[in-house]
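Enquirer: Below is the file protein.csv, with CSV, C-alpha atoms.
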```
chain,number,residue,atom,x,y,z
Z,1,MET,CA,100.6,-81.9,129.8
Z,2,SER,CA,96.9,-82.6,130.5
Z,3,ALA,CA,94.6,-83.6,127.7
Z,4,ASP,CA,91.8,-81.4,126.7
Z,5,ARG,CA,88.6,-82.3,128.5
Z,6,THR,CA,86.6,-82.7,125.2
Z,7,ARG,CA,89.2,-85.0,123.7
Z,8,LEU,CA,88.9,-88.8,124.1
Z,9,PRO,CA,92.4,-90.3,124.1
Z,10,VAL,CA,92.9,-93.7,122.6
Z,11,ARG,CA,94.2,-95.2,125.9
Z,12,THR,CA,91.2,-93.8,127.7
Z,13,CYS,CA,88.9,-95.6,125.2
Z,14,ALA,CA,90.8,-98.8,125.8
Z,15,TRP,CA,90.3,-98.5,129.6
Z,16,MET,CA,86.6,-97.6,129.1
Z,17,ALA,CA,86.2,-100.8,127.1
Z,18,ILE,CA,87.9,-102.8,129.9
Z,19,ALA,CA,85.7,-101.1,132.5
Z,20,LEU,CA,82.5,-101.8,130.5
Z,21,LEU,CA,83.2,-105.6,130.4
Z,22,LEU,CA,84.7,-105.8,133.9
Z,23,PRO,CA,81.4,-106.6,135.7
Z,24,LEU,CA,80.5,-109.2,133.1
Z,25,TYR,CA,83.9,-110.9,132.9
Z,26,ARG,CA,82.9,-114.2,134.4
Z,27,THR,CA,80.0,-114.8,132.1
Z,28,LEU,CA,81.6,-113.7,128.8
Z,29,PRO,CA,82.3,-116.5,126.3
Z,30,GLY,CA,85.7,-118.1,126.8
Z,31,SER,CA,87.5,-116.5,124.0
Z,32,ILE,CA,86.2,-113.0,124.9
Z,33,SER,CA,87.0,-113.4,128.6
Z,34,ALA,CA,90.5,-114.6,127.7
Z,35,ALA,CA,90.9,-111.6,125.4
Z,36,TRP,CA,89.7,-109.3,128.1
Z,37,MET,CA,92.2,-110.6,130.7
Z,38,PHE,CA,95.2,-110.8,128.4
Z,39,GLY,CA,94.3,-107.5,126.8
Z,40,THR,CA,94.1,-105.8,130.2
Z,41,LEU,CA,97.4,-107.3,131.4
Z,42,GLY,CA,99.0,-106.6,128.0
Z,43,LEU,CA,97.9,-102.9,128.1
Z,44,LEU,CA,99.5,-102.6,131.5
Z,45,VAL,CA,102.8,-104.2,130.4
Z,46,ALA,CA,102.9,-102.2,127.1
Z,47,SER,CA,102.2,-98.9,128.9
Z,48,ALA,CA,105.0,-99.6,131.4
Z,49,ALA,CA,107.4,-100.7,128.6
Z,50,PHE,CA,106.8,-97.4,126.7
Z,51,GLY,CA,107.3,-95.4,129.9
Z,52,MET,CA,103.7,-94.4,130.3
Z,53,VAL,CA,103.9,-94.5,134.1
Z,54,ALA,CA,103.8,-92.0,136.9
Z,55,ARG,CA,104.6,-92.2,140.6
Z,56,PRO,CA,101.6,-93.2,142.7
Z,57,TYR,CA,101.1,-92.7,146.4
Z,58,LEU,CA,103.5,-95.0,148.4
Z,59,ALA,CA,105.2,-96.2,145.2
Z,60,GLY,CA,107.6,-98.3,147.3
Z,61,LEU,CA,104.7,-100.4,148.5
Z,62,TRP,CA,103.8,-101.5,145.0
Z,63,ILE,CA,107.4,-102.2,144.1
Z,64,PHE,CA,107.7,-104.4,147.2
Z,65,SER,CA,104.6,-106.2,146.2
Z,66,GLY,CA,106.0,-107.0,142.8
Z,67,TYR,CA,109.3,-108.2,144.4
Z,68,ALA,CA,107.3,-110.4,146.9
Z,69,THR,CA,105.4,-111.9,143.9
Z,70,VAL,CA,108.6,-112.8,142.1
Z,71,VAL,CA,109.9,-114.4,145.3
Z,72,ALA,CA,106.6,-116.3,145.7
Z,73,ILE,CA,106.9,-117.7,142.2
Z,74,LEU,CA,110.4,-119.0,142.9
Z,75,THR,CA,109.8,-120.3,146.5
Z,76,ALA,CA,106.1,-121.3,146.9
Z,77,THR,CA,106.9,-124.9,146.0
Z,78,SER,CA,105.7,-127.0,148.9
Z,79,LEU,CA,103.3,-128.6,146.5
Z,80,ALA,CA,103.8,-126.7,143.3
Z,81,SER,CA,106.7,-126.0,141.0
Z,82,VAL,CA,108.2,-122.8,139.7
Z,83,SER,CA,106.7,-123.4,136.3
Z,84,SER,CA,103.2,-124.0,137.7
Z,85,ASN,CA,103.5,-120.8,139.7
Z,86,VAL,CA,104.3,-118.6,136.7
Z,87,PHE,CA,100.8,-118.2,135.2
Z,88,VAL,CA,99.1,-116.8,138.4
Z,89,GLY,CA,102.3,-115.2,139.6
Z,90,ALA,CA,102.8,-113.2,136.3
Z,91,GLN,CA,99.2,-111.9,136.6
Z,92,MET,CA,99.8,-110.8,140.2
Z,93,PHE,CA,103.2,-109.2,139.3
Z,94,VAL,CA,101.6,-107.1,136.5
Z,95,LEU,CA,98.7,-106.0,138.7
Z,96,LEU,CA,100.6,-105.3,141.9
Z,97,CYS,CA,103.8,-104.0,140.5
Z,98,LEU,CA,102.7,-102.1,137.4
Z,99,GLY,CA,99.0,-101.3,137.8
Z,100,ALA,CA,99.2,-98.3,140.1
Z,101,PHE,CA,102.0,-96.7,138.1
Z,102,VAL,CA,100.2,-97.1,134.8
Z,103,LEU,CA,96.8,-96.0,136.0
Z,104,ARG,CA,98.3,-93.0,137.8
Z,105,ALA,CA,99.8,-91.8,134.5
Z,106,ASN,CA,96.4,-92.1,132.8
Z,107,VAL,CA,94.8,-90.1,135.6
Z,108,LEU,CA,97.3,-87.3,135.2
Z,109,ARG,CA,97.2,-87.3,131.4
Z,110,ASP,CA,93.5,-87.2,131.0
Z,111,PRO,CA,91.6,-85.1,133.5
Z,112,MET,CA,88.3,-86.9,132.6
Z,113,PHE,CA,89.9,-90.4,132.8
Z,114,VAL,CA,88.3,-91.5,136.1
Z,115,ARG,CA,84.9,-90.1,135.2
Z,116,ARG,CA,84.9,-91.7,131.8
Z,117,VAL,CA,86.0,-95.1,133.1
Z,118,ALA,CA,83.6,-95.0,136.0
Z,119,THR,CA,80.7,-94.2,133.7
Z,120,ALA,CA,81.5,-97.2,131.5
Z,121,PHE,CA,81.7,-99.4,134.6
Z,122,LEU,CA,78.4,-98.0,135.9
Z,123,ILE,CA,76.5,-98.8,132.7
Z,124,SER,CA,77.3,-102.5,132.6
Z,125,GLN,CA,77.2,-102.9,136.4
Z,126,THR,CA,73.7,-101.4,136.6
Z,127,VAL,CA,72.5,-103.7,133.8
Z,128,SER,CA,74.0,-106.6,135.7
Z,129,ALA,CA,72.3,-105.5,139.0
Z,130,ALA,CA,68.9,-105.1,137.1
Z,131,ALA,CA,69.4,-108.7,135.8
Z,132,GLY,CA,70.0,-109.8,139.4
Z,133,VAL,CA,66.7,-108.3,140.5
Z,134,ALA,CA,64.9,-110.0,137.6
Z,135,GLN,CA,66.5,-113.3,138.5
Z,136,ILE,CA,65.2,-113.2,142.1
Z,137,VAL,CA,61.6,-112.9,140.8
Z,138,GLY,CA,62.2,-116.0,138.7
Z,139,THR,CA,63.3,-114.7,135.3
Z,140,SER,CA,66.3,-116.2,133.5
Z,141,VAL,CA,68.5,-113.5,132.0
Z,142,LEU,CA,70.8,-114.6,129.1
Z,143,GLY,CA,70.8,-118.1,130.6
Z,144,ASN,CA,71.7,-116.9,134.1
Z,145,GLN,CA,69.3,-117.5,137.0
Z,146,ALA,CA,69.2,-117.4,140.8
Z,147,VAL,CA,70.7,-120.4,142.6
Z,148,ASN,CA,69.8,-121.1,146.2
Z,149,ASP,CA,67.8,-117.8,146.2
Z,150,ARG,CA,71.0,-115.8,145.4
Z,151,ALA,CA,71.2,-113.9,142.1
Z,152,PRO,CA,74.4,-113.7,140.2
Z,153,GLY,CA,73.2,-111.0,137.8
Z,154,LEU,CA,75.5,-111.0,134.8
Z,155,ALA,CA,78.6,-111.2,137.0
Z,156,GLY,CA,78.7,-115.0,137.1
Z,157,HIS,CA,78.7,-115.2,140.9
Z,158,PRO,CA,76.5,-113.5,143.6
Z,159,ASN,CA,79.5,-112.2,145.5
Z,160,VAL,CA,81.0,-110.6,142.4
Z,161,LEU,CA,77.7,-108.9,141.6
Z,162,ALA,CA,77.5,-107.6,145.2
Z,163,VAL,CA,81.0,-106.1,145.5
Z,164,MET,CA,80.7,-104.4,142.1
Z,165,GLY,CA,77.3,-103.1,143.2
Z,166,GLY,CA,78.9,-101.7,146.3
Z,167,ILE,CA,81.4,-99.8,144.3
Z,168,ALA,CA,78.6,-98.5,142.1
Z,169,VAL,CA,76.7,-97.3,145.1
Z,170,LEU,CA,79.8,-95.4,146.3
Z,171,LEU,CA,80.3,-93.7,142.9
Z,172,CYS,CA,76.6,-92.7,143.0
Z,173,PHE,CA,77.0,-91.3,146.5
Z,174,ARG,CA,79.8,-89.1,145.3
Z,175,GLU,CA,77.9,-87.9,142.3
Z,176,ALA,CA,74.8,-87.1,144.3
Z,177,PHE,CA,77.0,-85.3,146.8
Z,178,LEU,CA,78.7,-83.1,144.2
Z,179,ASN,CA,76.1,-82.8,141.4
Z,180,ALA,CA,72.5,-82.1,142.4
Z,181,GLU,CA,71.5,-81.6,138.7
Z,182,ARG,CA,71.8,-85.4,138.2
Z,183,ARG,CA,70.4,-86.4,141.5
Z,184,ARG,CA,67.3,-88.3,140.1
Z,185,VAL,CA,69.3,-90.4,137.7
Z,186,VAL,CA,72.0,-91.1,140.3
Z,187,VAL,CA,69.6,-92.1,143.0
Z,188,ALA,CA,67.8,-94.4,140.5
Z,189,ILE,CA,71.1,-96.0,139.6
Z,190,ALA,CA,72.1,-96.4,143.2
Z,191,ALA,CA,68.7,-98.0,144.0
Z,192,VAL,CA,69.1,-100.6,141.3
Z,193,ASN,CA,72.6,-101.5,142.4
Z,194,PHE,CA,71.6,-101.6,146.1
Z,195,ALA,CA,68.7,-103.9,145.1
Z,196,GLY,CA,71.3,-106.0,143.2
Z,197,ILE,CA,73.4,-106.3,146.4
Z,198,ILE,CA,70.3,-107.5,148.3
Z,199,ALA,CA,69.4,-109.9,145.5
Z,200,SER,CA,72.9,-111.4,145.7
Z,201,GLY,CA,72.5,-112.3,149.3
Z,202,SER,CA,76.1,-111.4,150.0
Z,203,LEU,CA,76.4,-110.2,153.6
Z,204,SER,CA,80.2,-109.6,153.3
Z,205,ALA,CA,79.8,-107.3,150.3
Z,206,LEU,CA,76.8,-105.5,151.9
Z,207,SER,CA,78.9,-104.9,155.1
Z,208,ALA,CA,81.8,-103.8,153.0
Z,209,CYS,CA,79.6,-101.3,151.1
Z,210,LEU,CA,78.2,-99.9,154.3
Z,211,LEU,CA,81.7,-99.4,155.6
Z,212,GLY,CA,82.5,-97.4,152.5
Z,213,VAL,CA,79.4,-95.3,152.9
Z,214,VAL,CA,80.3,-94.5,156.5
Z,215,ILE,CA,83.8,-93.4,155.4
Z,216,MET,CA,82.4,-91.2,152.7
Z,217,ALA,CA,79.8,-89.7,155.0
Z,218,ILE,CA,82.5,-88.8,157.5
Z,219,SER,CA,84.9,-87.5,154.9
Z,220,PHE,CA,82.2,-85.4,153.3
Z,221,ARG,CA,81.0,-84.2,156.7
Z,222,VAL,CA,77.4,-85.2,156.1
Z,223,LYS,CA,75.2,-83.9,158.9
Z,224,THR,CA,73.6,-86.3,161.3
Z,225,ALA,CA,70.1,-85.2,160.3
Z,226,THR,CA,70.9,-85.9,156.6
Z,227,ILE,CA,72.2,-89.4,157.5
Z,228,ILE,CA,69.0,-90.1,159.5
Z,229,LYS,CA,66.8,-88.9,156.7
Z,230,THR,CA,68.6,-91.0,154.2
Z,231,ALA,CA,68.4,-94.1,156.4
Z,232,VAL,CA,64.7,-93.6,156.9
Z,233,LEU,CA,64.1,-93.2,153.2
Z,234,VAL,CA,66.1,-96.3,152.4
Z,235,GLY,CA,64.3,-98.2,155.1
Z,236,VAL,CA,60.9,-97.2,153.9
Z,237,GLY,CA,61.8,-98.0,150.3
Z,238,PHE,CA,63.1,-101.4,151.3
Z,239,TRP,CA,59.9,-102.1,153.3
Z,240,VAL,CA,57.7,-101.2,150.4
Z,241,ALA,CA,59.7,-103.4,148.0
Z,242,LEU,CA,59.5,-106.3,150.4
Z,243,THR,CA,55.8,-105.9,151.1
Z,244,TYR,CA,54.3,-105.0,147.8
Z,245,THR,CA,56.5,-106.4,145.0
Z,246,ASP,CA,57.5,-109.8,143.6
Z,247,PHE,CA,61.1,-109.0,144.5
Z,248,GLY,CA,60.1,-108.8,148.2
Z,249,GLU,CA,58.2,-112.1,148.0
Z,250,ASN,CA,61.3,-114.0,146.6
Z,251,VAL,CA,64.4,-112.3,148.0
Z,252,ARG,CA,66.2,-113.4,151.1
Z,253,THR,CA,66.6,-110.3,153.4
Z,254,PRO,CA,69.9,-109.6,155.1
Z,255,LEU,CA,68.3,-111.0,158.3
Z,256,ASP,CA,67.4,-114.2,156.5
Z,257,ARG,CA,70.9,-114.5,155.2
Z,258,TYR,CA,72.4,-113.8,158.6
Z,259,MET,CA,70.4,-116.7,160.1
Z,260,GLN,CA,71.6,-118.9,157.3
Z,261,VAL,CA,75.2,-117.9,157.4
Z,262,THR,CA,75.4,-118.4,161.1
Z,263,GLY,CA,73.9,-121.8,161.0
Z,264,GLN,CA,70.6,-121.0,162.5
Z,265,THR,CA,68.7,-122.6,159.7
Z,266,GLU,CA,68.8,-126.0,157.9
Z,267,ALA,CA,71.2,-124.6,155.3
Z,268,VAL,CA,74.9,-125.1,155.6
Z,269,SER,CA,76.6,-122.4,157.6
Z,270,THR,CA,79.0,-120.5,155.3
Z,271,LEU,CA,80.5,-118.8,158.4
Z,272,ASP,CA,81.6,-122.3,159.6
Z,273,ILE,CA,83.0,-123.1,156.2
Z,274,ARG,CA,85.1,-119.9,156.2
Z,275,GLY,CA,86.3,-120.8,159.7
Z,276,ASP,CA,87.3,-124.2,158.5
Z,277,THR,CA,89.3,-122.7,155.6
Z,278,TYR,CA,91.1,-120.3,158.0
Z,279,GLY,CA,92.0,-123.1,160.4
Z,280,TYR,CA,93.3,-125.3,157.6
Z,281,ALA,CA,95.4,-122.5,156.1
Z,282,TRP,CA,96.8,-121.5,159.5
Z,283,GLN,CA,97.9,-125.1,160.2
Z,284,ALA,CA,99.6,-125.2,156.9
Z,285,ILE,CA,101.3,-121.8,157.6
Z,286,GLN,CA,102.5,-123.1,161.0
Z,287,ASP,CA,104.0,-126.2,159.3
Z,288,SER,CA,105.8,-124.0,156.7
Z,289,PRO,CA,105.7,-120.3,157.8
Z,290,LEU,CA,108.2,-119.1,155.1
Z,291,PHE,CA,107.1,-120.8,151.9
Z,292,GLY,CA,103.7,-121.3,150.4
Z,293,VAL,CA,102.1,-124.4,148.8
Z,294,GLY,CA,101.9,-122.8,145.4
Z,295,LEU,CA,100.2,-119.9,143.5
Z,296,ASP,CA,98.3,-121.9,140.9
Z,297,ALA,CA,94.6,-122.5,141.5
Z,298,ALA,CA,95.2,-126.2,141.6
Z,299,TYR,CA,96.8,-125.6,145.1
Z,300,ALA,CA,94.3,-123.2,146.4
Z,301,ALA,CA,91.8,-125.7,147.9
Z,302,SER,CA,91.7,-126.1,151.7
Z,303,PHE,CA,90.1,-128.6,154.0
Z,304,ASP,CA,87.6,-130.2,151.6
Z,305,ASN,CA,89.9,-130.1,148.5
Z,306,VAL,CA,87.4,-127.6,146.9
Z,307,THR,CA,86.9,-124.4,148.9
Z,308,VAL,CA,89.7,-121.8,148.8
Z,309,VAL,CA,90.7,-119.7,151.7
Z,310,HIS,CA,88.3,-116.8,152.0
Z,311,ASN,CA,90.8,-114.2,153.3
Z,312,VAL,CA,93.3,-112.5,151.0
Z,313,PHE,CA,96.0,-112.2,153.7
Z,314,LEU,CA,95.8,-115.8,154.9
Z,315,ARG,CA,95.5,-117.0,151.3
Z,316,ALA,CA,98.6,-115.0,150.3
Z,317,TRP,CA,100.5,-116.5,153.1
Z,318,TYR,CA,99.2,-120.0,152.6
Z,319,GLN,CA,99.8,-120.1,148.9
Z,320,GLY,CA,102.6,-117.6,148.4
Z,321,GLY,CA,104.6,-117.5,151.6
Z,322,ILE,CA,105.4,-114.9,154.2
Z,323,LEU,CA,106.8,-112.2,151.9
Z,324,LEU,CA,103.7,-112.1,149.8
Z,325,ALA,CA,101.6,-112.0,152.9
Z,326,ALA,CA,103.7,-109.2,154.2
Z,327,SER,CA,103.0,-107.2,151.1
Z,328,ILE,CA,99.3,-107.8,151.3
Z,329,GLY,CA,99.3,-106.9,155.0
Z,330,ALA,CA,101.2,-103.7,154.3
Z,331,LEU,CA,98.6,-102.8,151.6
Z,332,ILE,CA,95.8,-103.4,154.0
Z,333,LEU,CA,97.5,-101.3,156.7
Z,334,ALA,CA,98.0,-98.5,154.1
Z,335,ILE,CA,94.3,-98.6,153.1
Z,336,ILE,CA,93.4,-98.2,156.8
Z,337,LEU,CA,95.6,-95.2,157.1
Z,338,VAL,CA,94.2,-93.7,153.8
Z,339,ALA,CA,90.7,-94.1,155.2
Z,340,LEU,CA,91.6,-92.6,158.6
Z,341,ARG,CA,93.3,-89.6,156.9
Z,342,ALA,CA,90.4,-89.1,154.5
Z,343,MET,CA,87.9,-88.9,157.4
Z,344,ARG,CA,90.2,-86.5,159.3
Z,345,THR,CA,91.1,-84.2,156.4
Z,346,ARG,CA,88.1,-84.4,154.1
Z,347,MET,CA,90.4,-85.3,151.2
Z,348,ASN,CA,90.2,-88.2,148.8
Z,349,GLY,CA,87.1,-89.6,150.5
Z,350,THR,CA,85.8,-91.4,147.4
Z,351,ALA,CA,89.1,-93.3,146.8
Z,352,ALA,CA,89.4,-94.2,150.5
Z,353,ALA,CA,85.8,-95.5,150.6
Z,354,VAL,CA,86.3,-97.7,147.5
Z,355,LEU,CA,89.6,-99.0,148.7
Z,356,ALA,CA,88.2,-99.8,152.1
Z,357,THR,CA,85.1,-101.5,150.6
Z,358,ILE,CA,87.3,-103.7,148.3
Z,359,MET,CA,89.7,-104.7,151.1
Z,360,ALA,CA,87.0,-105.4,153.6
Z,361,PHE,CA,85.4,-107.7,151.0
Z,362,ALA,CA,88.8,-109.3,150.3
Z,363,LEU,CA,89.2,-110.3,153.9
Z,364,THR,CA,86.1,-112.5,153.7
Z,365,SER,CA,86.2,-113.7,150.0
Z,366,ALA,CA,88.2,-115.8,147.5
Z,367,PHE,CA,90.1,-112.7,146.5
Z,368,PHE,CA,93.6,-113.3,145.1
Z,369,GLU,CA,94.9,-112.7,141.5
Z,370,GLN,CA,91.6,-111.8,139.8
Z,371,ALA,CA,92.0,-108.7,137.7
Z,372,TYR,CA,88.3,-107.8,138.0
Z,373,TYR,CA,88.8,-107.4,141.8
Z,374,TRP,CA,92.1,-105.6,141.7
Z,375,LEU,CA,91.4,-103.0,138.9
Z,376,PRO,CA,88.8,-100.9,140.8
Z,377,ALA,CA,91.2,-100.8,143.8
Z,378,LEU,CA,94.2,-99.8,141.6
Z,379,LEU,CA,92.2,-97.1,139.9
Z,380,ALA,CA,91.0,-95.7,143.2
Z,381,TRP,CA,94.6,-95.8,144.4
Z,382,ALA,CA,95.8,-94.0,141.3
Z,383,THR,CA,93.6,-91.0,142.2
Z,384,LEU,CA,95.6,-90.5,145.4
Z,385,PRO,CA,98.2,-87.8,145.1
Z,386,PRO,CA,101.8,-88.7,146.0
Z,387,ARG,CA,101.7,-86.3,149.0
Z,388,PRO,CA,99.0,-87.5,151.5
Z,389,ASN,CA,97.8,-84.0,152.4
Z,390,GLN,CA,97.2,-83.0,148.8
Z,391,SER,CA,94.0,-83.6,146.9
Z,392,GLU,CA,93.3,-83.8,143.2
Z,393,ALA,CA,91.7,-80.7,141.6
Z,394,GLN,CA,88.6,-82.6,140.8
Z,395,ASP,CA,88.3,-84.3,144.2
Z,396,GLU,CA,85.3,-83.8,146.4
Z,397,SER,CA,87.4,-81.5,148.7
Z,398,ALA,CA,87.2,-78.9,145.9
Z,399,VAL,CA,83.6,-78.3,146.8
Z,400,THR,CA,83.0,-76.5,150.0
Z,401,ALA,CA,81.3,-78.4,152.8
Z,402,ALA,CA,78.3,-76.1,152.8
Z,403,SER,CA,77.5,-76.4,149.0
Z,404,ALA,CA,78.1,-80.1,149.0
Z,405,GLU,CA,75.8,-80.6,151.9
Z,406,ARG,CA,73.1,-78.6,150.2
Z,407,SER,CA,73.5,-80.7,147.0
Z,408,LEU,CA,73.0,-83.9,149.0
Z,409,ARG,CA,69.9,-82.6,150.7
Z,410,LEU,CA,68.5,-81.7,147.3
Z,411,ALA,CA,69.2,-85.2,146.1
Z,412,LEU,CA,67.1,-86.6,148.9
Z,413,ARG,CA,64.0,-84.5,148.3
```
Can you dump the structure from the file as structure tokens?

Expert:
Amino acid sequence: MSADRTRLPVRTCAWMAIALLLPLYRTLPGSISAAWMFGTLGLLVASAAFGMVARPYLAGLWIFSGYATVVAILTATSLASVSSNVFVGAQMFVLLCLGAFVLRANVLRDPMFVRRVATAFLISQTVSAAAGVAQIVGTSVLGNQAVNDRAPGLAGHPNVLAVMGGIAVLLCFREAFLNAERRRVVVAIAAVNFAGIIASGSLSALSACLLGVVIMAISFRVKTATIIKTAVLVGVGFWVALTYTDFGENVRTPLDRYMQVTGQTEAVSTLDIRGDTYGYAWQAIQDSPLFGVGLDAAYAASFDNVTVVHNVFLRAWYQGGILLAASIGALILAIILVALRAMRTRMNGTAAAVLATIMAFALTSAFFEQAYYWLPALLAWATLPPRPNQSEAQDESAVTAASAERSLRLALR
């Protein structure tokens, strides 16, 4: 039975608290960050233990992922041992095997669950993005400041700030599309988070966010004229910020970052570094294609004994073995299919966009067992109905294309 919309269930409160701290996890004091992680994993385990689960879309995929994780714990011992694999492996098992089932149950039991959790996330993420903008102009925020002209916000790392900002932009896109009454607030929140992405200097997260925007635009059937108008307004706003503000004087533009990343400046080419990690991982995979070197962070380093493999599929294979890689590969393929179906049917476009954004980022980042990366993806997945051609009652498809298009045009005025 669905909960009353005005009622705030205890479990929803717990997940709102988790979402509120999620964008800040890496900068929280050690005891609080540990409490956040173990509290999150413990809530998933306790919910599953008490039967608070529901069948998500492609449930077998998540069961297989859990099985693959258990196998990795037992067999990824080229350098590690079973005992050293348990800590990271247990986290991955809880997230990959239980997460979608538990969150699906929460989505079904509380009709306002997603909105409430997303609102909590947006509050802290927008504060973090604003901190990132302040850091670029030279201000230290709670002891955090820009390093190498890249702002971490309150996320602890520029890439984390950027991918969280991308998710926030997509949530704002949906709200502007469906609720013209809040367009000014939503546009302002989106602008702060987009500025945070630029301040972070993360091209991978920016590209992933743009991919999500494209998926949403096609799923929502946004007209070409509206897309052009939006692009012009964003471009003009960006030009004004670069030309007339302290932010523009200090920030590295995406073009600046592209030149740096590709080795066309004196700075180290991060694209070359990523390529080196891929080559190192692939050589290790060829030497031992079935079994990984170990799940623990101590065995994650690649060619320089420091940098981890910046690709979730290769990293899963390199550290966990072929079965774990197969589960990640199947998940990536499933997300591609979800995105294609959303663009074709106009159903579940928000979930598809968030999933595609996170997985695109995962293919170029140090994405592995981190709960703060997986939770947004798991919640987006939990909103997908078990039957692919069905959409949730509150999904964007409930609004006709004409009224939704009219709302977005109003939001851009």

Enquirer: From the options Z:Thr126, Z:Asn179, Z:Ser83, Z:Thr253, which residue's atoms come nearest to Gly165 of chain Z, counting all atoms listed in the file?

Expert: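 For Gly165 of chain Z, the nearest of the given residues is Z:Thr126.
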
Enquirer: Go through Z:Phe238, Z:Phe177, Z:Tyr373, Z:Trp15 and flag the residue nearest Val102 of chain Z, using all atoms listed in the file for the distances.

Expert: Z:Trp15

Enquirer: Atom CA of Ala48 of chain Z and atom CA of Ala105 of chain Z are how many Å apart?

Expert: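 Distance reported for this atom pair: 9.9 Å.
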
Enquirer: Which residue is closest to Asn159 of chain Z? Choose from Z:Leu142, Z:Ala80, Z:Leu324, Z:Ile358 and count only C-alpha atoms.

Expert: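 Closest candidate: Z:Ile358.
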
Enquirer: Just give me the residues with any atom within 9 Å of (106.1, -120.9, 154.5), file coordinates, counting all atoms listed in the file, written as a PyMOL selection string.

Expert: chain Z and resi 75-76+78+284-293+317-322

Enquirer: Which residue out of Z:Ser84, Z:Val117, Z:Val312, Z:Thr350 has the minimum interatomic distance to Leu331 of chain Z when all atoms listed in the file are used?

Expert: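 Ranked by minimum distance to Leu331 of chain Z, first place goes to Z:Val312.
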
Enquirer: What's the separation between atom CA of Gln145 of chain Z and atom CA of Arg252 of chain Z, in Å to one decimal place?

Expert: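 Atom CA of Arg252 of chain Z lies at a distance of 15.0 Å from atom CA of Gln145 of chain Z.
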
Enquirer: One decimal, Å: what's the distance from atom CA of Ser124 of chain Z over to atom CA of Val94 of chain Z, could you say?

Expert: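 Interatomic distance, atom CA of Ser124 of chain Z to atom CA of Val94 of chain Z: 25.0 Å.
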
Enquirer: Extract, using all atoms listed in the file, all DNA, RNA and protein residues at most 6 Å from segment 198-206 of chain Z, discarding same-chain residues fewer than 2 positions from it, and format them as a ChimeraX atom specification.

Expert: /Z:133,150-151,158-159,162-163,195-196,208-209,361

Enquirer: At a cut-off of 7 Å from (95.9, -100.1, 133.0) in the coordinates of the file, what residues are picked up using all atoms listed in the file, written as a PyMOL selection string?

Expert: chain Z and resi 15+40+43-44+99+102-103

Enquirer: Grab the residues selected above and save them as an mmCIF file, in the coordinates of the input with C-alpha atoms.

Expert:
```cif
data_model
loop_
_atom_site.group_PDB
_atom_site.id
_atom_site.type_symbol
_atom_site.label_atom_id
_atom_site.label_comp_id
_atom_site.auth_asym_id
_atom_site.auth_seq_id
_atom_site.Cartn_x
_atom_site.Cartn_y
_atom_site.Cartn_z
ATOM 1 C CA TRP Z 15 90.300 -98.500 129.600
ATOM 2 C CA THR Z 40 94.100 -105.800 130.200
ATOM 3 C CA LEU Z 43 97.900 -102.900 128.100
ATOM 4 C CA LEU Z 44 99.500 -102.600 131.500
ATOM 5 C CA GLY Z 99 99.000 -101.300 137.800
ATOM 6 C CA VAL Z 102 100.200 -97.100 134.800
ATOM 7 C CA LEU Z 103 96.800 -96.000 136.000
#
```

Enquirer: Between Z:Leu41, Z:Met52, Z:Leu378, Z:Ala131, single out the one closest to Gln91 of chain Z, counting only C-alpha atoms.

Expert: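 Checking each of Z:Leu41, Z:Met52, Z:Leu378, Z:Ala131 against Gln91 of chain Z, counting only C-alpha atoms, the winner is Z:Leu41.
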
Enquirer: So, with only C-alpha atoms as the atoms that count, which of Z:Val306, Z:Ile73, Z:Ala352, Z:Met112 lies closest to Ile215 of chain Z?

Expert: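 Residue with the minimum atom-to-atom distance to Ile215 of chain Z: Z:Ala352.
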
Enquirer: Counting only C-alpha atoms, what is within 12 Å of Ala17 of chain Z, bar same-chain residues fewer than 5 positions away, as a VMD selection string?

Expert: chain Z and resid 10 to 12 22 to 25 35 to 36 39 to 40 43 116 to 121 123 to 124

Enquirer: Take the residues that were just selected and, keeping C-alpha atoms, output them as an mmCIF file, keeping the file's coordinate frame.

Expert:
```
data_model
loop_
_atom_site.group_PDB
_atom_site.id
_atom_site.type_symbol
_atom_site.label_atom_id
_atom_site.label_comp_id
_atom_site.auth_asym_id
_atom_site.auth_seq_id
_atom_site.Cartn_x
_atom_site.Cartn_y
_atom_site.Cartn_z
ATOM 1 C CA VAL Z 10 92.900 -93.700 122.600
ATOM 2 C CA ARG Z 11 94.200 -95.200 125.900
ATOM 3 C CA THR Z 12 91.200 -93.800 127.700
ATOM 4 C CA LEU Z 22 84.700 -105.800 133.900
ATOM 5 C CA PRO Z 23 81.400 -106.600 135.700
ATOM 6 C CA LEU Z 24 80.500 -109.200 133.100
ATOM 7 C CA TYR Z 25 83.900 -110.900 132.900
ATOM 8 C CA ALA Z 35 90.900 -111.600 125.400
ATOM 9 C CA TRP Z 36 89.700 -109.300 128.100
ATOM 10 C CA GLY Z 39 94.300 -107.500 126.800
ATOM 11 C CA THR Z 40 94.100 -105.800 130.200
ATOM 12 C CA LEU Z 43 97.900 -102.900 128.100
ATOM 13 C CA ARG Z 116 84.900 -91.700 131.800
ATOM 14 C CA VAL Z 117 86.000 -95.100 133.100
ATOM 15 C CA ALA Z 118 83.600 -95.000 136.000
ATOM 16 C CA THR Z 119 80.700 -94.200 133.700
ATOM 17 C CA ALA Z 120 81.500 -97.200 131.500
ATOM 18 C CA PHE Z 121 81.700 -99.400 134.600
ATOM 19 C CA ILE Z 123 76.500 -98.800 132.700
ATOM 20 C CA SER Z 124 77.300 -102.500 132.600
#
```

Enquirer: Got a sec: who's within 7 Å of Trp62 of chain Z, counting all atoms listed in the file, leaving out chain neighbours fewer than 4 positions off, as a list in words?

Expert: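 Residues meeting the cut-off are Gly66, Leu96 and Cys97 of chain Z.
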